[in-house]
$ cat query-v3.cif   # mmCIF, C-alpha atoms and all ligand atoms
data_model
loop_
_atom_site.label_atom_id
_atom_site.label_comp_id
_atom_site.auth_asym_id
_atom_site.auth_seq_id
_atom_site.Cartn_x
_atom_site.Cartn_y
_atom_site.Cartn_z
CA MET A 1 -2.35 7.65 18.05
CA GLN A 2 -0.15 9.19 20.73
CA PRO A 3 -2.16 10.11 23.82
CA VAL A 4 -2.28 13.83 24.48
CA PRO A 5 -0.74 14.69 27.86
CA ALA A 6 -3.37 16.04 30.26
CA SER A 7 -1.49 19.31 30.71
CA THR A 8 -1.86 20.22 27.03
CA ARG A 9 -5.56 19.41 26.72
CA THR A 10 -7.92 22.25 25.93
CA PRO A 11 -11.19 22.40 27.93
CA THR A 12 -13.33 19.40 27.02
CA ARG A 13 -15.44 20.01 23.96
CA PHE A 14 -18.73 18.11 23.78
CA ARG A 15 -20.74 17.31 20.70
CA LEU A 16 -23.75 15.15 20.01
CA LEU A 17 -24.43 12.93 17.01
CA THR A 18 -28.05 11.93 16.81
CA GLY A 19 -30.65 10.24 14.60
CA GLY A 20 -28.39 7.73 12.86
CA ARG A 21 -28.38 3.94 13.01
CA VAL A 22 -25.55 3.35 15.45
CA VAL A 23 -23.74 0.02 15.17
CA THR A 24 -22.53 -1.04 18.63
CA PRO A 25 -21.04 -4.35 19.80
CA GLU A 26 -24.41 -5.14 21.42
CA GLY A 27 -26.44 -4.44 18.27
CA VAL A 28 -27.77 -1.65 16.09
CA LEU A 29 -29.40 1.31 17.85
CA SER A 30 -31.98 2.51 15.36
CA PRO A 31 -31.86 5.35 15.96
CA GLY A 32 -29.18 5.98 18.51
CA TRP A 33 -27.01 8.82 19.72
CA ILE A 34 -23.35 9.30 20.55
CA ARG A 35 -21.97 12.00 22.82
CA VAL A 36 -18.35 12.90 22.13
CA ALA A 37 -16.22 14.58 24.79
CA GLY A 38 -12.92 15.85 23.45
CA ASN A 39 -11.31 12.96 21.61
CA LEU A 40 -13.33 10.26 23.36
CA ILE A 41 -16.78 8.71 23.11
CA ASP A 42 -18.44 9.89 26.30
CA ALA A 43 -21.75 8.01 26.04
CA VAL A 44 -23.83 6.00 23.56
CA GLY A 45 -27.55 5.39 23.85
CA PRO A 46 -30.73 4.34 22.06
CA GLY A 47 -33.56 6.52 20.77
CA ALA A 48 -33.76 10.10 19.65
CA ALA A 49 -33.80 11.74 23.08
CA THR A 50 -30.70 12.18 25.18
CA PRO A 51 -29.98 13.20 28.74
CA PRO A 52 -30.10 16.96 29.55
CA LEU A 53 -27.67 18.65 27.19
CA PRO A 54 -25.23 21.40 28.07
CA PRO A 55 -26.34 24.67 26.45
CA GLY A 56 -24.73 25.31 23.10
CA LEU A 57 -23.87 21.65 22.55
CA PRO A 58 -23.26 21.19 18.82
CA VAL A 59 -25.68 18.60 17.44
CA THR A 60 -25.13 16.74 14.17
CA ASP A 61 -28.28 15.22 12.68
CA LEU A 62 -27.43 11.87 11.10
CA ARG A 63 -30.91 10.68 10.14
CA GLY A 64 -30.72 8.39 7.11
CA HIS A 65 -27.16 7.37 7.92
CA TRP A 66 -25.30 4.47 9.48
CA VAL A 67 -22.70 5.19 12.13
CA LEU A 68 -19.96 2.57 12.25
CA PRO A 69 -16.80 2.38 14.35
CA GLY A 70 -13.75 3.74 12.53
CA PHE A 71 -12.24 0.99 10.40
CA VAL A 72 -9.02 -0.74 11.47
CA ASP A 73 -7.12 -1.92 8.38
CA MET A 74 -4.31 -4.18 9.56
CA HIS A 75 -3.11 -5.15 6.08
CA VAL A 76 -2.61 -2.39 3.52
CA HIS A 77 0.31 -1.51 1.24
CA GLY A 78 -0.78 1.85 -0.12
CA GLY A 79 -3.49 3.89 -1.77
CA GLY A 80 -4.23 7.13 -3.57
CA GLY A 81 -1.24 6.59 -5.85
CA ALA A 82 1.20 6.33 -2.93
CA SER A 83 2.78 3.40 -1.16
CA PHE A 84 4.17 2.23 2.16
CA THR A 85 6.53 -0.13 0.34
CA ALA A 86 8.58 2.46 -1.59
CA GLY A 87 9.13 6.20 -1.87
CA PRO A 88 9.66 8.93 0.71
CA ALA A 89 7.87 9.29 4.05
CA ASP A 90 5.54 11.86 2.50
CA ASP A 91 4.24 9.16 0.14
CA ALA A 92 3.44 6.94 3.11
CA ARG A 93 1.66 9.89 4.74
CA ARG A 94 -0.36 10.38 1.57
CA ALA A 95 -1.33 6.69 1.45
CA ALA A 96 -2.47 6.83 5.10
CA GLU A 97 -4.40 10.04 4.47
CA PHE A 98 -6.13 8.48 1.46
CA HIS A 99 -7.35 5.50 3.50
CA ARG A 100 -8.32 7.67 6.48
CA GLY A 101 -10.58 9.63 4.16
CA HIS A 102 -12.33 6.35 3.35
CA GLY A 103 -12.91 5.44 6.98
CA SER A 104 -9.71 3.70 8.11
CA THR A 105 -9.02 5.61 11.32
CA THR A 106 -6.39 3.00 12.29
CA ILE A 107 -3.89 1.72 9.71
CA VAL A 108 -1.12 -0.84 9.88
CA ALA A 109 1.34 -0.38 7.01
CA SER A 110 2.27 -3.63 5.27
CA LEU A 111 5.64 -4.22 3.64
CA VAL A 112 6.23 -6.89 0.99
CA THR A 113 9.28 -9.11 0.53
CA ALA A 114 12.44 -7.14 -0.29
CA PRO A 115 16.16 -7.46 0.45
CA LEU A 116 16.68 -7.49 4.23
CA ALA A 117 18.58 -4.19 4.43
CA GLY A 118 15.86 -2.50 2.41
CA LEU A 119 13.16 -3.87 4.70
CA GLU A 120 15.08 -2.63 7.74
CA ALA A 121 15.23 0.86 6.26
CA ARG A 122 11.51 0.85 5.43
CA ALA A 123 10.66 -0.43 8.92
CA ALA A 124 12.72 2.36 10.49
CA MET A 125 11.02 4.99 8.32
CA LEU A 126 7.54 3.66 9.09
CA ALA A 127 8.39 3.43 12.80
CA GLY A 128 8.93 7.20 12.69
CA LEU A 129 5.45 7.66 11.23
CA ALA A 130 3.99 5.32 13.84
CA GLY A 131 5.61 7.44 16.54
CA GLN A 132 3.84 10.46 15.06
CA GLY A 133 0.47 8.68 15.03
CA VAL A 134 0.20 8.54 11.23
CA ILE A 135 0.00 4.74 11.30
CA ALA A 136 -0.63 2.32 14.15
CA GLY A 137 2.20 -0.06 13.33
CA ILE A 138 3.92 -2.23 10.77
CA HIS A 139 3.11 -5.60 9.20
CA LEU A 140 5.93 -7.57 7.60
CA GLU A 141 4.44 -9.64 4.78
CA GLY A 142 7.77 -11.30 4.05
CA PRO A 143 10.53 -12.19 3.60
CA PHE A 144 9.93 -15.56 5.33
CA LEU A 145 7.38 -16.81 2.80
CA SER A 146 7.01 -19.73 0.42
CA ALA A 147 8.17 -19.13 -3.16
CA ALA A 148 5.55 -21.71 -4.19
CA ARG A 149 2.82 -19.35 -2.99
CA CYS A 150 4.55 -16.03 -3.62
CA GLY A 151 1.56 -14.49 -5.40
CA ALA A 152 2.60 -10.98 -6.39
CA GLN A 153 5.73 -10.99 -4.20
CA ASP A 154 9.29 -11.33 -5.43
CA PRO A 155 10.50 -14.87 -4.60
CA ARG A 156 14.13 -13.90 -5.27
CA HIS A 157 14.22 -12.06 -1.94
CA MET A 158 12.42 -14.67 0.13
CA LEU A 159 14.44 -16.14 3.01
CA ALA A 160 14.22 -19.19 5.23
CA PRO A 161 13.01 -18.19 8.69
CA ASP A 162 15.91 -16.72 10.62
CA VAL A 163 15.51 -15.45 14.18
CA ALA A 164 18.57 -13.18 13.90
CA ALA A 165 17.12 -11.54 10.77
CA PHE A 166 13.78 -11.15 12.56
CA GLU A 167 15.56 -9.46 15.49
CA ARG A 168 17.14 -6.96 13.09
CA LEU A 169 13.74 -6.12 11.59
CA HIS A 170 12.12 -5.97 15.01
CA THR A 171 14.82 -3.59 16.26
CA ALA A 172 14.47 -1.38 13.17
CA ALA A 173 10.71 -1.15 13.78
CA ALA A 174 11.41 0.28 17.26
CA GLY A 175 8.46 -1.32 19.02
CA HIS A 176 6.00 -0.75 16.16
CA LEU A 177 6.16 -4.18 14.51
CA ARG A 178 2.66 -5.60 15.06
CA VAL A 179 2.36 -8.56 12.68
CA ILE A 180 4.69 -10.84 10.72
CA THR A 181 3.49 -13.30 8.09
CA ILE A 182 5.35 -16.62 8.01
CA ALA A 183 5.08 -19.80 5.87
CA PRO A 184 5.12 -22.63 8.46
CA GLU A 185 6.56 -25.28 6.15
CA LEU A 186 9.91 -23.49 5.87
CA PRO A 187 12.79 -24.79 8.01
CA GLY A 188 13.04 -22.84 11.26
CA ALA A 189 9.48 -21.50 11.07
CA ALA A 190 8.50 -22.80 14.52
CA ASP A 191 11.44 -21.02 16.19
CA LEU A 192 10.59 -17.81 14.37
CA ILE A 193 6.93 -18.04 15.38
CA LYS A 194 8.00 -18.51 19.01
CA ALA A 195 10.42 -15.56 18.79
CA ALA A 196 7.70 -13.32 17.33
CA ALA A 197 5.19 -14.35 19.98
CA ARG A 198 7.78 -13.72 22.73
CA ALA A 199 8.39 -10.26 21.28
CA GLY A 200 4.66 -9.47 21.37
CA VAL A 201 4.39 -9.56 17.58
CA THR A 202 1.41 -11.40 16.11
CA ALA A 203 2.65 -14.39 14.10
CA ALA A 204 0.45 -14.88 11.05
CA VAL A 205 0.33 -17.83 8.68
CA GLY A 206 0.34 -16.86 5.01
CA HIS A 207 1.89 -17.17 1.55
CA THR A 208 2.24 -20.85 2.38
CA ASP A 209 2.02 -24.28 0.81
CA ALA A 210 1.84 -26.00 4.22
CA THR A 211 -0.23 -29.08 4.94
CA ALA A 212 -2.92 -29.02 7.59
CA ASP A 213 -0.60 -30.82 10.04
CA LEU A 214 2.22 -28.31 9.56
CA THR A 215 -0.24 -25.46 9.99
CA SER A 216 -1.61 -26.99 13.20
CA ALA A 217 1.96 -27.26 14.49
CA ALA A 218 2.50 -23.57 13.69
CA ILE A 219 -0.60 -22.68 15.71
CA ASP A 220 0.70 -24.86 18.56
CA ALA A 221 3.96 -22.87 18.36
CA GLY A 222 2.10 -19.58 18.77
CA ALA A 223 0.72 -18.45 15.39
CA THR A 224 -2.63 -16.74 16.00
CA HIS A 225 -3.58 -15.06 12.75
CA ALA A 226 -4.17 -15.87 9.07
CA THR A 227 -2.93 -13.52 6.38
CA HIS A 228 -5.68 -13.18 3.72
CA LEU A 229 -7.22 -16.61 4.24
CA PHE A 230 -7.50 -18.59 0.98
CA ASN A 231 -5.35 -16.16 -1.02
CA GLY A 232 -1.65 -17.01 -1.30
CA MET A 233 -2.06 -20.47 0.20
CA ARG A 234 -2.73 -24.08 -0.81
CA PRO A 235 -6.48 -24.47 -1.36
CA LEU A 236 -8.74 -26.35 1.02
CA HIS A 237 -9.21 -29.98 -0.01
CA HIS A 238 -11.52 -32.29 1.89
CA ARG A 239 -8.77 -34.88 2.57
CA GLU A 240 -5.88 -32.39 2.88
CA PRO A 241 -7.40 -29.18 4.19
CA GLY A 242 -4.06 -27.35 3.93
CA PRO A 243 -3.58 -24.13 5.89
CA VAL A 244 -7.21 -23.03 5.47
CA GLY A 245 -8.67 -25.92 7.47
CA PRO A 246 -6.81 -25.46 10.77
CA LEU A 247 -6.74 -21.67 10.49
CA LEU A 248 -10.54 -21.60 10.30
CA ASP A 249 -10.98 -24.48 12.73
CA ARG A 250 -8.84 -23.31 15.64
CA ASP A 251 -10.48 -20.87 18.04
CA GLU A 252 -7.26 -18.99 18.81
CA VAL A 253 -6.78 -17.89 15.18
CA THR A 254 -8.21 -14.72 13.65
CA CYS A 255 -8.65 -14.81 9.88
CA GLU A 256 -8.20 -11.97 7.40
CA VAL A 257 -10.40 -11.96 4.31
CA ILE A 258 -10.27 -9.59 1.35
CA ALA A 259 -13.97 -9.04 0.72
CA ASP A 260 -13.52 -6.94 -2.41
CA GLY A 261 -15.49 -9.13 -4.82
CA VAL A 262 -12.27 -10.03 -6.68
CA HIS A 263 -10.19 -12.14 -4.29
CA LEU A 264 -12.96 -14.40 -2.94
CA HIS A 265 -16.34 -15.62 -4.16
CA ASP A 266 -19.15 -14.27 -2.01
CA THR A 267 -20.05 -17.83 -1.01
CA VAL A 268 -16.56 -18.22 0.44
CA ILE A 269 -16.87 -14.93 2.31
CA ARG A 270 -20.10 -16.17 3.91
CA LEU A 271 -18.64 -19.61 4.67
CA ALA A 272 -15.56 -18.07 6.28
CA ALA A 273 -17.68 -15.68 8.35
CA ARG A 274 -19.87 -18.51 9.62
CA ALA A 275 -16.96 -20.85 10.31
CA ALA A 276 -14.95 -18.16 12.07
CA GLY A 277 -17.93 -17.05 14.14
CA PRO A 278 -17.98 -13.86 16.20
CA GLY A 279 -14.66 -12.24 17.01
CA ARG A 280 -12.44 -14.13 14.55
CA LEU A 281 -13.13 -12.59 11.15
CA VAL A 282 -11.00 -9.61 10.05
CA LEU A 283 -11.77 -7.55 6.95
CA ILE A 284 -8.72 -6.09 5.25
CA THR A 285 -8.09 -4.25 2.01
CA ASP A 286 -4.59 -5.54 1.11
CA ALA A 287 -4.74 -2.38 -1.01
CA MET A 288 -1.82 -1.19 -3.08
CA ALA A 289 -1.04 2.24 -4.47
CA ALA A 290 -3.67 1.96 -7.21
CA ALA A 291 -6.56 2.10 -4.71
CA GLY A 292 -8.59 5.16 -5.59
CA MET A 293 -6.64 5.70 -8.80
CA PRO A 294 -7.38 5.13 -12.49
CA ASP A 295 -6.41 1.92 -14.28
CA GLY A 296 -2.75 1.83 -15.31
CA SER A 297 0.67 0.56 -14.36
CA TYR A 298 1.80 0.62 -10.71
CA ARG A 299 4.43 -0.99 -8.48
CA LEU A 300 4.14 -3.28 -5.46
CA GLY A 301 7.61 -3.47 -3.93
CA SER A 302 9.90 -4.49 -6.79
CA MET A 303 7.08 -5.90 -8.91
CA ARG A 304 5.12 -4.21 -11.71
CA VAL A 305 1.37 -4.42 -11.44
CA ASP A 306 -1.18 -3.64 -14.16
CA VAL A 307 -4.61 -2.47 -13.06
CA ALA A 308 -7.54 -2.93 -15.45
CA GLY A 309 -11.16 -2.57 -14.44
CA GLY A 310 -9.99 -2.04 -10.86
CA VAL A 311 -8.34 -5.50 -10.76
CA ALA A 312 -4.58 -5.47 -10.02
CA LEU A 313 -2.60 -8.25 -11.70
CA LEU A 314 1.12 -8.92 -11.56
CA ALA A 315 2.74 -8.02 -14.88
CA GLY A 316 5.66 -10.43 -14.36
CA GLY A 317 9.37 -9.67 -14.07
CA GLY A 318 11.15 -7.59 -11.47
CA GLU A 319 13.34 -4.51 -11.52
CA PRO A 320 14.78 -3.69 -14.92
CA GLY A 321 18.27 -5.11 -15.26
CA THR A 322 17.72 -7.89 -12.75
CA ALA A 323 17.01 -11.54 -13.29
CA GLY A 324 13.33 -10.68 -13.41
CA ALA A 325 12.16 -13.26 -15.89
CA GLY A 326 9.99 -15.76 -14.11
CA ALA A 327 10.01 -13.90 -10.79
CA GLY A 328 6.61 -13.79 -9.17
CA THR A 329 3.55 -15.33 -10.74
CA ALA A 330 2.59 -13.25 -13.76
CA GLY A 331 -1.17 -12.78 -13.77
CA ALA A 332 -1.45 -13.32 -10.02
CA ILE A 333 -3.84 -10.98 -8.24
CA ALA A 334 -1.55 -8.34 -6.78
CA GLY A 335 -3.27 -6.81 -3.81
CA SER A 336 -6.50 -4.91 -4.20
CA THR A 337 -7.64 -1.46 -5.23
CA ALA A 338 -10.26 -1.40 -2.48
CA THR A 339 -10.77 0.84 0.52
CA MET A 340 -12.14 -0.43 3.84
CA ALA A 341 -15.42 1.30 2.94
CA ASP A 342 -15.49 -0.78 -0.26
CA VAL A 343 -14.94 -4.10 1.53
CA VAL A 344 -17.47 -3.17 4.22
CA ARG A 345 -20.04 -2.33 1.55
CA HIS A 346 -19.25 -5.53 -0.33
CA ALA A 347 -19.46 -7.70 2.80
CA VAL A 348 -22.87 -6.25 3.64
CA ALA A 349 -24.03 -6.82 0.04
CA ALA A 350 -22.73 -10.41 0.26
CA GLY A 351 -25.18 -10.96 3.12
CA LEU A 352 -23.12 -10.58 6.28
CA PRO A 353 -25.03 -8.95 9.16
CA VAL A 354 -23.94 -5.36 9.71
CA THR A 355 -22.87 -6.10 13.29
CA THR A 356 -20.65 -8.95 12.00
CA VAL A 357 -19.17 -6.59 9.43
CA ALA A 358 -18.47 -3.88 12.02
CA ALA A 359 -16.80 -6.42 14.29
CA ALA A 360 -14.66 -7.70 11.41
CA ALA A 361 -13.77 -4.24 10.12
CA SER A 362 -13.01 -2.62 13.48
CA THR A 363 -13.45 -4.45 16.78
CA THR A 364 -11.57 -7.67 16.05
CA PRO A 365 -8.57 -6.15 14.24
CA ALA A 366 -8.26 -3.57 17.05
CA ARG A 367 -8.12 -6.44 19.55
CA VAL A 368 -5.56 -8.37 17.46
CA LEU A 369 -3.36 -5.26 17.42
CA GLY A 370 -3.66 -4.80 21.18
CA LEU A 371 -5.65 -1.59 20.66
CA GLY A 372 -9.03 -2.85 21.85
CA ASP A 373 -8.98 -0.55 24.87
CA ARG A 374 -8.47 2.48 22.60
CA THR A 375 -10.56 2.01 19.46
CA GLY A 376 -12.59 -0.41 17.35
CA ALA A 377 -16.10 0.01 18.76
CA LEU A 378 -18.75 2.64 19.46
CA ARG A 379 -18.48 2.36 23.21
CA ALA A 380 -18.03 4.91 25.99
CA GLY A 381 -14.41 5.43 26.94
CA LEU A 382 -12.90 4.61 23.55
CA ASP A 383 -11.47 7.08 21.05
CA ALA A 384 -14.15 8.86 19.05
CA ASP A 385 -13.24 7.09 15.81
CA LEU A 386 -16.27 6.63 13.59
CA VAL A 387 -17.53 6.52 10.04
CA VAL A 388 -20.85 7.96 8.90
CA CYS A 389 -22.18 6.09 5.86
CA ASP A 390 -25.26 6.63 3.72
CA GLU A 391 -27.94 3.96 3.24
CA GLU A 392 -25.73 2.19 0.65
CA PHE A 393 -22.73 2.20 3.01
CA ARG A 394 -20.88 4.87 1.09
CA PRO A 395 -18.77 6.88 3.58
CA ARG A 396 -19.98 10.46 4.04
CA ALA A 397 -17.97 11.58 7.04
CA VAL A 398 -15.09 10.32 9.11
CA MET A 399 -14.26 11.32 12.70
CA ARG A 400 -10.85 10.46 14.13
CA GLN A 401 -10.16 11.02 17.81
CA GLY A 402 -13.05 13.48 18.04
CA ASP A 403 -12.21 15.55 14.97
CA TRP A 404 -14.13 15.42 11.72
CA LEU A 405 -11.77 14.97 8.82
CA ASP A 406 -11.97 17.66 6.15
CA GLY A 407 -15.12 17.94 4.14
CA THR A 408 -17.35 16.29 6.72
CA PRO A 409 -20.39 17.61 8.61
CA GLU A 410 -18.85 20.36 10.69
CA ASN A 411 -16.23 21.29 8.10
CA PRO A 412 -18.23 21.34 4.89
ZN ZN A 501 -0.52 -7.94 1.32
#

$ encode --input "query-v3.cif" --output "structure tokens"
Amino acid sequence: MQPVPASTRTPTRFRLLTGGRVVTPEGVLSPGWIRVAGNLIDAVGPGAATPPLPPGLPVTDLRGHWVLPGFVDMHVHGGGGASFTAGPADDARRAAEFHRGHGSTTIVASLVTAPLAGLEARAAMLAGLAGQGVIAGIHLEGPFLSAARCGAQDPRHMLAPDVAAFERLHTAAAGHLRVITIAPELPGAADLIKAAARAGVTAAVGHTDATADLTSAAIDAGATHATHLFNGMRPLHHREPGPVGPLLDRDEVTCEVIADGVHLHDTVIRLAARAAGPGRLVLITDAMAAAGMPDGSYRLGSMRVDVAGGVALLAGGGEPGTAGAGAGTAGAIAGSTATMADVVRHAVAAGLPVTTVAAAASTTPARVLGLGDRTGALRAGLDADLVVCDEEFRPRAVMRQGDWLDGTPENP
């Protein structure tokens, strides 16, 4: 994601993508065309014809395909058998590469609750990868979470909100910490939310048993995002709407949903999309290492996860030799095995308009991350990040910053 200095740029290379159904913020161009200049989108237009073309301009015929903006996954723990939460930097590279191949041209690596020193070390390692453009930043999903709503996370390492601890993590992340999930009912949460907001880090509400009033107070303090709405939080009740009510109700809050067909009923996906309205819904994978892998036994942080039929459930217990009995919620859904292409396909099948889906998969998360002037839409001036899908929304080609990834149209 590092900009290339002008002095090292090669002469601008143009290419034209034509004939596909192009999903823009203003609507679907059916067909439409996209002209790419170097690593940027140079122009986008409707119809089959385009302005006079330079001779020798490479043209890619995308008839019968959808063209979507590259997906922005702001909540993902791993994929392709590799993880951001454990293992060497090469594993994290492999996880990012796996998700890029499925359309996620922008990835924020999510860490789960772990001992503070361990989290600092992971944040420092991931910051190095962010500096190299492998990932676009870091999301801390812990350790300031509620043990009552720990889901697949290890409650033994959860801490009360602590601004000094946050500063250590923020320093370790070297400017690449983008999001931190906080349970607002914990003592000191408001101060932590304010500290995060002051530092330019998005404060998200999640893994929480808070009431509606406590959640509203967190939003007043500066929380602007919901970590996987509905999952890992007290359910919505009509007299005590819990975190879900205010998070959906308040215009300044963007709401993540895991639209994988496992975490939420399709009715709830549609309700959330309607309630959030344009610009507030964010599709995420929350994927763990098992995404793209066969059923079996995997890890999420310190926790063991069994995957059967593509559904990841916490096996219970922690590291061998520790007081693991009773840690976590055995049987809890433990992240997903989905890719962004999977959740996009599922959201469309659930009945969301394709423009809503593209906004939720790309435009809105890019804006939340402060990257809206770089990526997240098929619009002139932005990075040429796009996903070519077939009629059933299966990804067929991925372009990142003007380059087709391996195995796609110009690199068969
Ligand atoms: Zn997560």

$ closest_residue --input "query-v3.cif" --among "A:Ala221, A:Leu236, A:Ala109, A:Leu116" --to "ligand ZN 501 (chain A)" --atoms "only C-alpha atoms and all ligand atoms"
A:Ala109

$ residues_near_ligand --input "query-v3.cif" --ligand "ligand ZN 501 (chain A)" --cutoff "8 Å" --atoms "only C-alpha atoms and all ligand atoms" --output "list in words"
His75, Val76, His77, Ser110, Leu111, Val112, Glu141, Thr227, His228, Asp286, Ala287 and Gly335 of chain A

$ atom_distance --input "query-v3.cif" --atom1 "atom CA of His225 of chain A" --atom2 "atom CA of Thr105 of chain A"
21.4 Å

$ closest_residue --input "query-v3.cif" --among "A:Val179, A:Ile284, A:Ala147, A:Ala196" --to "Glu167 of chain A" --atoms "all atoms listed in the file"
A:Ala196

$ atom_distance --input "query-v3.cif" --atom1 "atom CA of Leu57 of chain A" --atom2 "atom CA of Thr18 of chain A"
12.0 Å

$ atom_distance --input "query-v3.cif" --atom1 "atom CA of Ala350 of chain A" --atom2 "atom CA of Gly80 of chain A"
25.8 Å
